[in-house]
Each structure stands twice: as structure tokens, then as C-alpha cells.
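Trainee: My structure file upload34.txt, compact mmCIF, C-alpha atoms, is below:
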```
# COMPACT_ATOMS: atom_id res chain seq x y z
CA MET A 1 114.34 79.06 147.82
CA HIS A 2 116.65 80.12 145.00
CA PRO A 3 116.56 83.73 143.81
CA SER A 4 115.27 84.32 140.28
CA PRO A 5 117.98 83.79 137.65
CA ARG A 6 116.86 87.09 136.16
CA LEU A 7 118.46 88.88 139.11
CA GLU A 8 121.79 88.01 137.51
CA LEU A 9 120.96 90.47 134.72
CA GLN A 10 122.54 93.56 136.20
CA THR A 11 123.66 95.85 133.35
CA LEU A 12 122.28 97.12 130.06
CA ARG A 13 124.68 94.78 128.31
CA ASP A 14 123.18 91.85 130.24
CA LEU A 15 119.62 92.90 129.45
CA ILE A 16 120.29 93.44 125.74
CA ARG A 17 122.08 90.10 125.42
CA TYR A 18 119.15 88.43 127.17
CA GLY A 19 116.69 90.22 124.89
CA VAL A 20 118.50 89.12 121.74
CA SER A 21 118.50 85.52 122.98
CA ARG A 22 114.78 85.61 123.83
CA LEU A 23 113.80 87.19 120.51
CA ASN A 24 115.91 84.77 118.50
CA ALA A 25 114.76 81.71 120.44
CA ALA A 26 111.13 82.71 119.95
CA GLN A 27 111.73 83.44 116.24
CA VAL A 28 109.71 86.63 116.42
CA ALA A 29 108.82 88.22 113.10
CA LEU A 30 110.71 91.45 112.52
CA GLY A 31 109.83 94.10 109.97
CA HIS A 32 108.01 96.79 111.94
CA GLY A 33 110.95 99.15 112.30
CA SER A 34 113.94 96.86 112.83
CA ASP A 35 115.19 93.89 110.84
CA ASN A 36 117.31 92.16 113.48
CA ALA A 37 117.01 91.06 117.10
CA TRP A 38 119.91 93.23 118.32
CA ASP A 39 118.30 96.50 117.18
CA GLU A 40 114.94 95.43 118.60
CA ALA A 41 116.43 94.49 121.99
CA VAL A 42 118.44 97.73 122.16
CA TYR A 43 115.35 99.79 121.33
CA LEU A 44 113.14 98.11 123.92
CA THR A 45 115.83 98.40 126.59
CA LEU A 46 116.63 102.06 125.98
CA HIS A 47 112.95 102.97 125.74
CA ALA A 48 112.11 101.21 129.01
CA LEU A 49 114.96 103.02 130.79
CA HIS A 50 114.14 106.47 129.32
CA LEU A 51 117.57 106.71 127.73
CA PRO A 52 118.37 108.43 124.41
CA LEU A 53 117.75 105.99 121.59
CA ASP A 54 120.91 107.06 119.77
CA THR A 55 123.26 106.82 122.76
CA LEU A 56 123.98 103.28 123.85
CA GLU A 57 127.75 103.03 124.35
CA PRO A 58 128.17 105.12 127.54
CA PHE A 59 125.42 103.13 129.30
CA LEU A 60 126.23 99.57 128.25
CA ASP A 61 127.89 98.60 131.52
CA ALA A 62 125.72 100.73 133.78
CA ARG A 63 123.92 98.70 136.45
CA VAL A 64 120.14 98.87 136.62
CA LEU A 65 117.78 99.06 139.55
CA GLY A 66 115.41 96.18 140.19
CA GLU A 67 112.37 98.14 139.04
CA GLU A 68 114.23 99.15 135.87
CA ARG A 69 115.14 95.54 135.14
CA ASP A 70 111.48 94.59 135.58
CA ARG A 71 110.38 97.27 133.09
CA VAL A 72 112.80 96.02 130.44
CA LEU A 73 111.96 92.37 130.98
CA ASP A 74 108.24 93.08 130.90
CA LEU A 75 108.57 94.67 127.45
CA ILE A 76 110.69 91.79 126.16
CA ASP A 77 108.27 89.23 127.63
CA ARG A 78 105.27 90.91 125.98
CA ARG A 79 107.09 91.20 122.67
CA VAL A 80 107.74 87.45 122.72
CA THR A 81 104.57 86.04 124.27
CA GLU A 82 101.98 88.36 122.73
CA ARG A 83 103.82 88.72 119.39
CA VAL A 84 103.00 92.45 119.45
CA PRO A 85 105.16 94.73 117.28
CA ALA A 86 107.48 96.81 119.45
CA ALA A 87 105.87 100.04 118.25
CA TYR A 88 102.55 99.08 119.83
CA LEU A 89 104.28 98.29 123.13
CA THR A 90 105.98 101.69 123.23
CA ASN A 91 103.32 103.72 121.35
CA GLU A 92 105.90 105.20 119.07
CA ALA A 93 107.49 104.48 115.72
CA TRP A 94 110.57 106.07 114.19
CA LEU A 95 110.76 106.73 110.46
CA ARG A 96 113.81 108.46 108.97
CA GLY A 97 114.64 109.97 112.35
CA HIS A 98 111.12 111.25 113.00
CA ARG A 99 108.95 110.02 115.86
CA PHE A 100 105.27 109.25 115.42
CA TYR A 101 102.65 108.20 117.94
CA VAL A 102 101.09 104.84 117.02
CA ASP A 103 98.69 102.31 118.44
CA GLU A 104 96.77 99.36 117.02
CA ARG A 105 94.37 101.65 115.14
CA VAL A 106 97.06 102.17 112.46
CA ILE A 107 99.72 100.07 110.78
CA VAL A 108 103.25 100.63 112.02
CA PRO A 109 104.98 103.30 109.86
CA ARG A 110 107.67 101.70 107.70
CA SER A 111 107.08 102.87 104.13
CA PRO A 112 110.24 103.23 102.01
CA ILE A 113 108.54 106.25 100.41
CA ALA A 114 109.85 108.11 103.47
CA GLU A 115 113.40 107.67 102.20
CA LEU A 116 112.50 109.25 98.86
CA LEU A 117 110.97 112.22 100.69
CA ASP A 118 114.32 112.85 102.38
CA GLU A 119 115.47 114.15 99.00
CA GLY A 120 112.19 115.81 98.06
CA LEU A 121 111.54 113.11 95.43
CA SER A 122 114.55 114.33 93.45
CA PRO A 123 115.07 114.17 90.48
CA TRP A 124 111.41 113.52 89.70
CA VAL A 125 110.41 116.73 91.47
CA GLN A 126 112.86 119.36 90.26
CA ASP A 127 112.16 122.08 92.83
CA PRO A 128 110.66 121.08 96.20
CA LEU A 129 110.04 124.75 97.00
CA ALA A 130 107.72 125.03 93.98
CA VAL A 131 105.40 122.21 95.05
CA GLU A 132 102.06 123.73 96.04
CA ARG A 133 99.78 120.75 96.71
CA VAL A 134 100.49 117.24 97.94
CA LEU A 135 98.06 114.38 98.55
CA ASP A 136 98.79 111.41 100.83
CA MET A 137 96.25 108.70 100.06
CA CYS A 138 95.66 106.01 102.73
CA THR A 139 97.49 108.10 105.30
CA GLY A 140 97.08 105.89 108.41
CA SER A 141 99.14 107.51 111.16
CA GLY A 142 99.80 110.54 108.94
CA CYS A 143 103.52 109.82 108.78
CA LEU A 144 103.97 110.26 105.01
CA ALA A 145 101.73 113.34 104.98
CA ILE A 146 103.87 114.90 107.71
CA LEU A 147 107.13 113.96 105.99
CA SER A 148 105.71 115.42 102.76
CA ALA A 149 104.93 118.68 104.54
CA LEU A 150 108.51 118.79 105.80
CA ALA A 151 109.95 117.92 102.37
CA PHE A 152 107.84 120.51 100.53
CA PRO A 153 107.78 123.46 102.94
CA TYR A 154 105.48 125.68 100.85
CA ALA A 155 102.96 122.97 100.00
CA HIS A 156 99.51 122.39 101.39
CA VAL A 157 99.01 118.70 102.16
CA ASP A 158 95.76 116.73 102.09
CA ALA A 159 95.78 113.35 103.84
CA VAL A 160 93.00 110.81 103.26
CA ASP A 161 91.89 107.69 105.08
CA LEU A 162 88.69 105.68 105.26
CA SER A 163 89.19 104.88 108.96
CA PRO A 164 88.09 107.49 111.52
CA ASP A 165 90.25 105.66 114.08
CA ALA A 166 93.33 106.10 111.90
CA LEU A 167 92.51 109.77 111.42
CA ASP A 168 92.36 110.23 115.20
CA VAL A 169 95.95 108.96 115.39
CA ALA A 170 96.98 111.11 112.44
CA ARG A 171 95.40 114.18 114.06
CA ARG A 172 97.56 113.64 117.15
CA ASN A 173 100.71 113.41 115.02
CA VAL A 174 99.82 116.47 112.96
CA ALA A 175 99.37 118.41 116.21
CA ASP A 176 102.70 117.11 117.56
CA TYR A 177 104.45 118.52 114.49
CA GLY A 178 102.53 121.81 114.56
CA LEU A 179 101.29 121.36 110.99
CA ALA A 180 97.54 121.84 111.40
CA ASP A 181 97.68 125.10 109.42
CA ARG A 182 98.79 123.40 106.21
CA LEU A 183 97.86 119.74 106.56
CA ASP A 184 94.19 118.76 106.29
CA LEU A 185 92.81 115.33 107.15
CA HIS A 186 89.89 113.91 105.16
CA GLU A 187 87.72 110.90 105.94
CA SER A 188 87.05 109.48 102.51
CA ASN A 189 86.86 106.26 100.52
CA LEU A 190 89.89 107.08 98.38
CA PHE A 191 89.04 110.15 96.25
CA ASP A 192 85.26 110.07 96.84
CA ASN A 193 84.98 112.93 99.36
CA LEU A 194 87.94 115.00 98.18
CA PRO A 195 87.42 118.48 96.78
CA ALA A 196 88.28 118.83 93.09
CA ARG A 197 91.96 119.75 93.27
CA GLN A 198 95.07 119.07 91.24
CA TYR A 199 98.16 117.89 93.05
CA ASP A 200 101.79 118.25 92.11
CA VAL A 201 102.59 115.10 94.09
CA ILE A 202 100.46 112.17 95.20
CA VAL A 203 102.05 109.60 97.53
CA CYS A 204 100.20 106.43 98.41
CA ASN A 205 100.89 103.35 100.51
CA PRO A 206 97.60 101.50 99.97
CA PRO A 207 96.49 98.07 101.16
CA TYR A 208 98.20 95.77 98.64
CA VAL A 209 98.77 92.37 100.28
CA ASN A 210 97.26 89.62 98.13
CA SER A 211 94.89 87.14 99.76
CA GLY A 212 97.39 84.26 99.69
CA SER A 213 99.99 86.35 101.50
CA MET A 214 97.37 87.62 103.96
CA ASP A 215 96.65 84.04 104.98
CA ALA A 216 100.34 83.45 105.63
CA LEU A 217 101.16 86.63 107.58
CA PRO A 218 103.16 86.17 110.82
CA GLU A 219 101.23 86.78 114.02
CA GLU A 220 102.79 90.23 114.53
CA TYR A 221 101.01 91.54 111.44
CA LEU A 222 97.64 90.33 112.71
CA HIS A 223 97.78 93.05 115.38
CA GLU A 224 97.61 95.65 112.59
CA PRO A 225 94.29 96.80 111.05
CA GLN A 226 93.55 94.32 108.27
CA LEU A 227 91.73 97.12 106.42
CA ALA A 228 95.14 98.73 105.92
CA LEU A 229 96.81 95.57 104.58
CA ALA A 230 94.42 93.45 102.51
CA GLY A 231 94.32 94.23 98.79
CA GLY A 232 92.09 91.44 97.49
CA ASP A 233 92.94 88.31 95.49
CA ASP A 234 95.89 89.87 93.64
CA GLY A 235 96.51 92.79 96.00
CA MET A 236 95.46 95.28 93.33
CA ASP A 237 91.82 96.02 94.31
CA LEU A 238 92.48 99.53 95.61
CA VAL A 239 95.38 100.16 93.24
CA ARG A 240 93.00 99.78 90.28
CA ARG A 241 90.68 102.44 91.70
CA ILE A 242 93.55 104.75 92.58
CA LEU A 243 95.15 104.60 89.12
CA GLU A 244 91.78 105.09 87.43
CA ALA A 245 90.99 108.25 89.39
CA ALA A 246 94.47 109.74 89.83
CA PRO A 247 94.71 111.58 86.45
CA ARG A 248 91.78 113.80 87.42
CA PHE A 249 93.64 114.86 90.58
CA LEU A 250 97.14 115.31 89.18
CA ALA A 251 98.48 118.62 87.92
CA PRO A 252 99.76 118.55 84.31
CA GLU A 253 103.33 117.83 85.46
CA GLY A 254 102.21 115.91 88.52
CA VAL A 255 103.60 112.57 89.69
CA LEU A 256 102.17 109.64 91.62
CA VAL A 257 104.49 107.61 93.88
CA LEU A 258 102.91 104.29 94.80
CA GLU A 259 104.06 101.52 97.13
CA ILE A 260 103.08 97.95 96.22
CA GLY A 261 105.35 95.86 98.44
CA HIS A 262 106.27 92.49 96.96
CA GLU A 263 103.45 92.55 94.43
CA ARG A 264 105.35 93.65 91.28
CA ASP A 265 104.31 90.54 89.34
CA PHE A 266 100.66 91.11 90.19
CA PHE A 267 100.99 94.81 89.30
CA GLU A 268 102.49 94.09 85.90
CA ALA A 269 99.84 91.46 85.20
CA ALA A 270 97.06 93.89 86.14
CA PHE A 271 98.48 96.91 84.26
CA PRO A 272 100.43 95.61 81.24
CA GLN A 273 99.90 98.91 79.43
CA LEU A 274 101.82 100.92 82.04
CA SER A 275 105.59 101.41 82.10
CA PRO A 276 106.30 102.98 85.49
CA VAL A 277 109.67 104.06 86.76
CA TRP A 278 110.66 101.60 89.49
CA LEU A 279 112.29 103.42 92.38
CA ASP A 280 114.89 101.69 94.54
CA THR A 281 115.81 102.76 98.06
CA GLU A 282 118.27 101.43 100.62
CA ALA A 283 115.42 99.47 102.18
CA ALA A 284 113.51 98.25 99.14
CA SER A 285 113.72 97.37 95.47
CA ASP A 286 110.80 96.64 93.13
CA GLN A 287 108.39 97.93 95.77
CA LEU A 288 107.92 101.57 94.73
CA LEU A 289 106.91 102.99 91.39
CA LEU A 290 106.38 106.41 89.85
CA LEU A 291 103.83 107.34 87.23
CA THR A 292 103.12 110.70 85.59
CA ARG A 293 99.71 112.11 84.80
CA GLU A 294 100.56 111.72 81.11
CA GLN A 295 101.18 107.98 81.51
CA LEU A 296 98.00 107.46 83.50
CA SER A 297 95.89 109.41 81.01
CA LEU A 298 96.73 107.22 78.01
```
Please express what this file holds, its structure, as C-alpha cells.
Mentor:
Amino acid sequence: MHPSPRLELQTLRDLIRYGVSRLNAAQVALGHGSDNAWDEAVYLTLHALHLPLDTLEPFLDARVLGEERDRVLDLIDRRVTERVPAAYLTNEAWLRGHRFYVDERVIVPRSPIAELLDEGLSPWVQDPLAVERVLDMCTGSGCLAILSALAFPYAHVDAVDLSPDALDVARRNVADYGLADRLDLHESNLFDNLPARQYDVIVCNPPYVNSGSMDALPEEYLHEPQLALAGGDDGMDLVRRILEAAPRFLAPEGVLVLEIGHERDFFEAAFPQLSPVWLDTEAASDQLLLLTREQLSL
């Protein structure tokens, strides 16, 4: 009886090469944290071996124990055969260097709004230290609410979601970051159950995928809560409600930063009267926009 060919995989380099080949051959859909098979294979390998995710080079030619090889190969096998995003296999997602707990009750954190928060929404927010109130609408895992609390250190943050399951995940992340004293979670259908407050900043990554795109989503995305993705026929169902209500919740100089994915054409068709500022990041163009209270009140 011949030994398993997998026994020939003896080093991290072997396992990563094998992972890249498996992921490419299976044509897995990427987009839940990495955009190429190499990064995905490296992440799964380092995670399975409890190695620092930012330190690959010293370990590349290190040999692995049999049980370690099995752990790595099990993750790669599940990623390929079950088409599960890597974040659900490892119960963690990384966004701008920050780790968040995730499971299938929330979408995998990946919003390019996070990159804008690195700079405190400069230049649109002139002084991050002067921001007093921030709202994260459709918070999911709480990642943008937490990054907002870090970007605006003197602000109180409200985070809203309709899903009690999502809020359970968010509560865990808020506790992990020690922010319970200035970050409140609200179960609400958009603004319905929010106290009457005015916010200096509202960030929102709502469900915006149009029905045609929903029908064509790769299998990986079907593991995510459809409530957090589907935006109706043109993707703008919730966006309409958000833009209608937002002026009442924005401070006089307040700004709304909204993610709409690849739906710019649908947005412009739905809101021809608006002239938002389109915000580009390293990861995205034509996917984020900024509107002021003044623009929304016209």
C-alpha cells in the first residue's frame, strides 16, 4: 500500500504551494479579505500552525509535524470543498490591521470605509478630536463602529443593526476592544428605534446588491447573511430610506459616508438630484460617497 502523496508535503513552503494550486484549480471566489490565492494559502497555513500572520519568511522551510500538516490541509480542503470564506473557517477577519471575531451570523468585514477611517475621514472631518457623536448604521460585526471609536477618540459611537444575531457578534468585538463605555449597540430597523440625536459623522455599509447580482453571486457569498447583502431590484431599497432620514440625525456640519459597492449607475439613476463626493481608496473606486447634511436637506 502506497503512503499518501500528501506526506511529501513537509515544509510550510510545500503546504503553501499546495494550497495555492488547490485554490487556483478549484477557482474559488476571493474577496473576503484577500484577492489572490497566495495570500489566502499563506493565511490559512499560518493560522493553522499558530504562527504570526506577519512573519512568514523565517518559517518557510521549517518542517511540520504530521498533525500540523493535517490541520493545514483540513482548512484548505474545507475552503475548497465547502466554498466557505476563510474568515468563517478561522472565526476571525482582519481589517486595516485590526482583528475581529466573525462567524456566519455576520458578513465578513471588508468595507473600504475602514481605509478612510485610518485618516479620520480627513479632509472631510477637519479635527478628529472634535467629533463628539458617530453613528454606524448596519453595523454587522461592529468593525466600522470600533474603527470609528479608534479614529475619533473623544466620540461616543452608536451602532445599529436589525439582526440580534449580528449584534451578539458585535457585542463580543466591542468587549474585545474594551469600548463598552463609549460604544452602544442598538437593535433597530435603520433609524426607527434610535434616540433623537445629531451625529457629526454617519458611516454606513448597507445591503446594496441588486437582485440581478444577488442571483449571480459566487457560492462563497451565499454563506453570508442575505439580509446584509440584498438591496432590492436596483440595490437602493435601504439607501433610499437612509438618505431620507439622515438629515434629521446629522449635525449642521455633519457628513454621511456611504458604501454602495458596484452600484454607482443605480445610485445616480435613483438620486439624480444629488452630487456626492466620490471617495477613492487603494481598494476601491466609485464605491464610496460622501454627502453633507446640507446636500441631503435640499
Trainee: Could you check the closest approach to Arg197 (chain A) for each of A:Arg248, A:Arg240, A:Arg182, A:Arg78 and tell me which residue wins, using all atoms listed in the file?
Mentor: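 Looking only at the distances to Arg197 (chain A), the closest residue turns out to be A:Arg248.
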Trainee: Which residue is closest to Val106 (chain A)? Choose from A:Ser213, A:Ser21, A:Gln226, A:Asn36 and count only C-alpha atoms.
Mentor: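 Of the candidates, the smallest distance to Val106 (chain A) is held by A:Gln226.
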Trainee: Nearest to Arg99 (chain A) among A:Val72, A:Val134, A:Val20, A:Ala87, with distances taken over only C-alpha atoms: which residue is it?
Mentor: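 Looking only at the distances to Arg99 (chain A), the closest residue turns out to be A:Ala87.
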Trainee: Check the smallest atom-to-atom distance from each of A:Leu56, A:Ala26, A:Ala86, A:Leu185 to His223 (chain A) using all atoms listed in the file, then report the winner.
Mentor: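 For His223 (chain A), the nearest of the candidates is A:Ala86.
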Trainee: When you draw a straight line from CA of Pro128 (chain A) to CA of Ala151 (chain A), how long is it in Å?
Mentor: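 Interatomic distance here is 7.0 Å.
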Trainee: Could you pull out every residue with an atom within 6 Å of (105.5, 103.6, 96.3), file coordinates, counting all atoms listed in the file, and send them as a PyMOL selection string?
Mentor: chain A and resi 113+257-259+288-289
Trainee: Between A:Phe266, A:Phe100, A:Phe191, A:Tyr199, single out the one closest to His156 (chain A), counting all atoms listed in the file.
Mentor: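 Checking each of A:Phe266, A:Phe100, A:Phe191, A:Tyr199 against His156 (chain A), counting all atoms listed in the file, the winner is A:Tyr199.
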Trainee: Using all atoms listed in the file, list the residues that have an atom at most 12 Å from (102.0, 122.7, 110.9), coordinates as in the file, as JSON, numbers by chain.
Mentor: {"A": [145, 146, 147, 148, 149, 150, 153, 154, 155, 156, 157, 171, 172, 173, 174, 175, 176, 177, 178, 179, 180, 181, 182, 183, 184]}
Trainee: Do you have the CA of Ala37 (chain A)-CA of Arg17 (chain A) distance handy?
Mentor: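 Computed distance, CA of Ala37 (chain A) to CA of Arg17 (chain A), equals 9.8 Å.
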Trainee: Env of Met236 (chain A): 12 Å cut, atoms = all atoms listed in the file, seq-sep filter 6 positions within chain, self excluded. Answer as a list in words.
Mentor: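 Final neighbour list, sorted by chain and number: Pro206, Pro207, Tyr208, Val209, Asn210, Ser211, Leu229, Ala230, Ile242, Leu243, Leu258, Glu259, Ile260, Gly261, His262, Glu263, Arg264, Asp265, Phe266, Phe267, Glu268, Ala269, Ala270 and Phe271 of chain A.
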Trainee: If we count all atoms listed in the file and set the cut-off at 9 Å, which residues sit around Ala41 (chain A), ignoring sequence neighbours fewer than 6 positions away in its own chain? Please answer as a PyMOL selection string.
Mentor: chain A and resi 15-20+23+76
Trainee: Would you work out the distance separating CA of Pro195 (chain A) from CA of Val255 (chain A), expressed in Å to one decimal?
Mentor: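 Atom-to-atom, CA of Pro195 (chain A) to CA of Val255 (chain A), that is 18.6 Å.
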Trainee: Could you give me, as a PDB file with C-alpha atoms, keeping the file's coordinate frame, the residues within 7 Å of region 138-141 of chain A, counting all atoms listed in the file and dropping anything in the same chain fewer than 2 positions from it?
Mentor:
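Just written: selection01.pdb:
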```
ATOM      1  CA  VAL A 102     101.090 104.840 117.020  1.00  0.00           C
ATOM      2  CA  VAL A 106      97.060 102.170 112.460  1.00  0.00           C
ATOM      3  CA  ILE A 107      99.720 100.070 110.780  1.00  0.00           C
ATOM      4  CA  ASP A 136      98.790 111.410 100.830  1.00  0.00           C
ATOM      5  CA  CYS A 143     103.520 109.820 108.780  1.00  0.00           C
ATOM      6  CA  LEU A 144     103.970 110.260 105.010  1.00  0.00           C
ATOM      7  CA  ALA A 145     101.730 113.340 104.980  1.00  0.00           C
ATOM      8  CA  ALA A 159      95.780 113.350 103.840  1.00  0.00           C
ATOM      9  CA  VAL A 160      93.000 110.810 103.260  1.00  0.00           C
ATOM     10  CA  ASP A 161      91.890 107.690 105.080  1.00  0.00           C
ATOM     11  CA  ALA A 166      93.330 106.100 111.900  1.00  0.00           C
ATOM     12  CA  LEU A 167      92.510 109.770 111.420  1.00  0.00           C
ATOM     13  CA  VAL A 169      95.950 108.960 115.390  1.00  0.00           C
ATOM     14  CA  ALA A 170      96.980 111.110 112.440  1.00  0.00           C
ATOM     15  CA  CYS A 204     100.200 106.430  98.410  1.00  0.00           C
ATOM     16  CA  ASN A 205     100.890 103.350 100.510  1.00  0.00           C
ATOM     17  CA  PRO A 206      97.600 101.500  99.970  1.00  0.00           C
TER      18      PRO A 206
END
```
Trainee: Reconstruct N, CA, C and O atoms of region 64-78 of chain A; output as a short mmCIF file (atom, residue, chain, number, x, y, z; two decimals), in the frame of the given file.
Mentor:
```cif
data_model
loop_
_atom_site.label_atom_id
_atom_site.label_comp_id
_atom_site.auth_asym_id
_atom_site.auth_seq_id
_atom_site.Cartn_x
_atom_site.Cartn_y
_atom_site.Cartn_z
N VAL A 64 121.53 98.42 136.58
CA VAL A 64 120.14 98.87 136.62
C VAL A 64 119.52 98.54 137.97
O VAL A 64 119.93 97.59 138.65
N LEU A 65 118.55 99.35 138.34
CA LEU A 65 117.78 99.06 139.55
C LEU A 65 116.81 97.91 139.28
O LEU A 65 116.46 97.62 138.14
N GLY A 66 116.34 97.30 140.33
CA GLY A 66 115.41 96.18 140.19
C GLY A 66 114.17 96.56 139.42
O GLY A 66 113.71 95.81 138.54
N GLU A 67 113.60 97.73 139.72
CA GLU A 67 112.37 98.14 139.04
C GLU A 67 112.65 98.43 137.56
O GLU A 67 111.79 98.23 136.70
N GLU A 68 113.87 98.91 137.26
CA GLU A 68 114.23 99.15 135.87
C GLU A 68 114.36 97.83 135.12
O GLU A 68 113.90 97.70 133.98
N ARG A 69 115.01 96.85 135.75
CA ARG A 69 115.14 95.54 135.14
C ARG A 69 113.75 94.97 134.84
O ARG A 69 113.51 94.40 133.76
N ASP A 70 112.83 95.12 135.78
CA ASP A 70 111.48 94.59 135.58
C ASP A 70 110.80 95.25 134.38
O ASP A 70 110.08 94.58 133.62
N ARG A 71 110.99 96.56 134.23
CA ARG A 71 110.38 97.27 133.09
C ARG A 71 110.89 96.72 131.77
O ARG A 71 110.13 96.49 130.83
N VAL A 72 112.20 96.54 131.67
CA VAL A 72 112.80 96.02 130.44
C VAL A 72 112.29 94.61 130.16
O VAL A 72 111.84 94.29 129.05
N LEU A 73 112.34 93.76 131.18
CA LEU A 73 111.96 92.37 130.98
C LEU A 73 110.48 92.22 130.66
O LEU A 73 110.08 91.33 129.91
N ASP A 74 109.67 93.12 131.21
CA ASP A 74 108.24 93.08 130.90
C ASP A 74 108.01 93.36 129.42
O ASP A 74 107.19 92.69 128.77
N LEU A 75 108.72 94.37 128.88
CA LEU A 75 108.57 94.67 127.45
C LEU A 75 109.02 93.49 126.59
O LEU A 75 108.36 93.12 125.62
N ILE A 76 110.17 92.92 126.94
CA ILE A 76 110.69 91.79 126.16
C ILE A 76 109.73 90.60 126.25
O ILE A 76 109.44 89.94 125.25
N ASP A 77 109.21 90.34 127.46
CA ASP A 77 108.27 89.23 127.63
C ASP A 77 107.02 89.43 126.76
O ASP A 77 106.55 88.50 126.10
N ARG A 78 106.48 90.65 126.77
CA ARG A 78 105.27 90.91 125.98
C ARG A 78 105.56 90.80 124.49
O ARG A 78 104.74 90.28 123.72
#
```
